[in-house]
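Accompanying notes for the structure given below.
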Amino acid sequence: MEYTDKEYCLEVWGNWACFTRPELKVERVSYDVITPSAARAIFEAIFWKPAIHWQVTKIEVLNPIKWATIRRNEVGAVAGKSPIFIEDKRQQKNTLLLQDVRYRIYAKLVFIPVKGRSDKAFAKHQPGDDENPMKYYQMFERRALQGQCFTQPYLGCREFAANWKSIYDTEQLAPPLAEDRDFGIMLYDMDFEGNPQKPDAMFYRAKMEHGVIVVPDKDSEEVLR
């Protein structure tokens, strides 16, 4: 069977967003725009199976980039076998986040043949006679049309819920932000293939031209490991 991939578009927006820079450990500081990993997570919240993966291809910035600073309560401990008393572990930290964001994110639904899947994924997903890319295209399109999602999509942090809608006609869309900007080195995604328990971070040089950020393929030389 010949395997193909198909591109889809979502428009996402929200009052607040924080795409945290990993190099800043104490205070949360957001990147200027949504990262490819955050965009991928939105698609996966709507539909994901071990037989597919989402490859983000393009991000369109629709609203001007606006910043805000808030103080948030965070718990300075990791949940384990012992209970956490919030009053004892509560910490107030500053967060530099984005305000009133809106993006159009594009991604390809890439079908993974059985021989290309990990043993763990294969164990959870035994292929049947109807194993083909079209089945997954139709499943995503049906869920997106009905506004269904497995989990609530969010904009960087789970408390910043994302509104979303699927875009089918991409020919008659309002133009993105008329601005060029070089955002420098930005988090691309986490590489779980080598060691799923301790994935490596991947980065890329994010450049916006006329409001559009082209996202390179994962195996491209533009992606830094």
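Note on naming: chains are A, B, ... as they come in the structure tokens, residues start from 1 per chain, ligands start from 1 in the order shown.
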ask   = Which residues come within 9 Å of Gly211 (chain A), counting only C-alpha atoms, excluding same-chain residues fewer than 3 positions away, as a ChimeraX atom specification?
value = /A:59-62,175-181,208
Keeping only C-alpha atoms, write those residues as a PDB file, in the first residue's frame.
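File written: again-v3.pdb
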ATOM      1  CA  ILE A  59       1.808  28.590  11.928  1.00  0.00           C
ATOM      2  CA  GLU A  60      -0.016  31.809  11.047  1.00  0.00           C
ATOM      3  CA  VAL A  61      -0.098  34.543  13.693  1.00  0.00           C
ATOM      4  CA  LEU A  62      -3.398  36.434  13.448  1.00  0.00           C
ATOM      5  CA  PRO A 175      -4.537  37.451   6.002  1.00  0.00           C
ATOM      6  CA  PRO A 176      -2.281  36.879   9.022  1.00  0.00           C
ATOM      7  CA  LEU A 177      -0.413  39.593  10.907  1.00  0.00           C
ATOM      8  CA  ALA A 178       1.479  41.867   8.495  1.00  0.00           C
ATOM      9  CA  GLU A 179       4.774  41.661  10.337  1.00  0.00           C
ATOM     10  CA  ASP A 180       8.213  40.110   9.959  1.00  0.00           C
ATOM     11  CA  ARG A 181      10.198  38.986  12.996  1.00  0.00           C
ATOM     12  CA  MET A 208       7.967  34.981  10.894  1.00  0.00           C
TER      13      MET A 208
END
Contacts of Asp200 (chain A) at 10 Å (only C-alpha atoms; same-chain gap of 2+ positions) as a list in words =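 The contact residues come out as Asp189, Met190, Asp191, Phe192, Glu193, Gly194, Asn195, Pro196, Gln197, Lys198, Met202 and Arg225 of chain A.
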request  = Using backbone DSSP assignments, extract all strand (DSSP E) residues from region 33-224 of chain A; output them as a count of residues only.
outcome  = 78
Could you make a table, as JSON lines, of the residues of region 21-69 of chain A that have an atom within 9 Å of an atom of region 154-161 of chain A, each with its nearest atom pair and distance in Å to one decimal, counting only C-alpha atoms, in chain and number order?
{"residue": "A:Ser30", "atom": "CA", "partner": "A:Gly156", "partner_atom": "CA", "distance": 8.7}
{"residue": "A:Ile34", "atom": "CA", "partner": "A:Leu155", "partner_atom": "CA", "distance": 7.7}
{"residue": "A:Thr35", "atom": "CA", "partner": "A:Gly156", "partner_atom": "CA", "distance": 8.6}
{"residue": "A:Ala38", "atom": "CA", "partner": "A:Gly156", "partner_atom": "CA", "distance": 6.1}
{"residue": "A:Ala39", "atom": "CA", "partner": "A:Leu155", "partner_atom": "CA", "distance": 8.4}
{"residue": "A:Ala41", "atom": "CA", "partner": "A:Tyr154", "partner_atom": "CA", "distance": 8.3}
{"residue": "A:Ile42", "atom": "CA", "partner": "A:Tyr154", "partner_atom": "CA", "distance": 6.9}
{"residue": "A:Ala45", "atom": "CA", "partner": "A:Tyr154", "partner_atom": "CA", "distance": 8.9}
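The shortest atom-to-atom distance to Ile46 (chain A), with only C-alpha atoms taken into account, belongs to A:Leu10 out of A:Val101, A:Ala201, A:Leu10, A:Val223.
Nearest residue to Tyr204 (chain A), choosing from A:Gly14, A:Gly76, A:Pro22, A:Pro36 and counting only C-alpha atoms: A:Pro36.
From CA of Ile185 (chain A) back to CA of Glu23 (chain A), the distance works out to 11.3 Å.
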request  = Within 9 Å of Ala77 (chain A), counting only C-alpha atoms, which residues show up once you throw out same-chain ones fewer than 6 positions away? Write them as a PyMOL selection string, please.
outcome  = chain A and resi 84+89-90
Suppose we keep N, CA and C atoms; can you now write the selection as a tab-separated table (two decimals), in the first residue's frame?
chain	number	residue	atom	x	y	z
A	84	ILE	N	0.43	15.86	49.48
A	84	ILE	CA	1.00	17.21	49.46
A	84	ILE	C	0.04	18.16	50.17
A	89	LYS	N	3.40	23.99	50.66
A	89	LYS	CA	4.21	23.95	49.45
A	89	LYS	C	3.88	25.05	48.45
A	90	ARG	N	2.93	25.91	48.79
A	90	ARG	CA	2.52	26.93	47.84
A	90	ARG	C	3.61	27.98	47.64
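With only C-alpha atoms as the basis for measurement, A:Cys9 is the residue among A:Ala68, A:Ile52, A:Cys9, A:Leu187 that approaches Ala144 (chain A) most closely.
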task = Check the smallest atom-to-atom distance from each of A:Leu109, A:Met186, A:Cys149, A:Ile213 to Lys135 (chain A) using only C-alpha atoms, then report the winner.
result =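 Looking only at the distances to Lys135 (chain A), the closest residue turns out to be A:Leu109.
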request  = Could you jot down the CA of Glu222 (chain A) to CA of Val29 (chain A) separation for me, Å, one decimal place?
outcome  = 24.3 Å
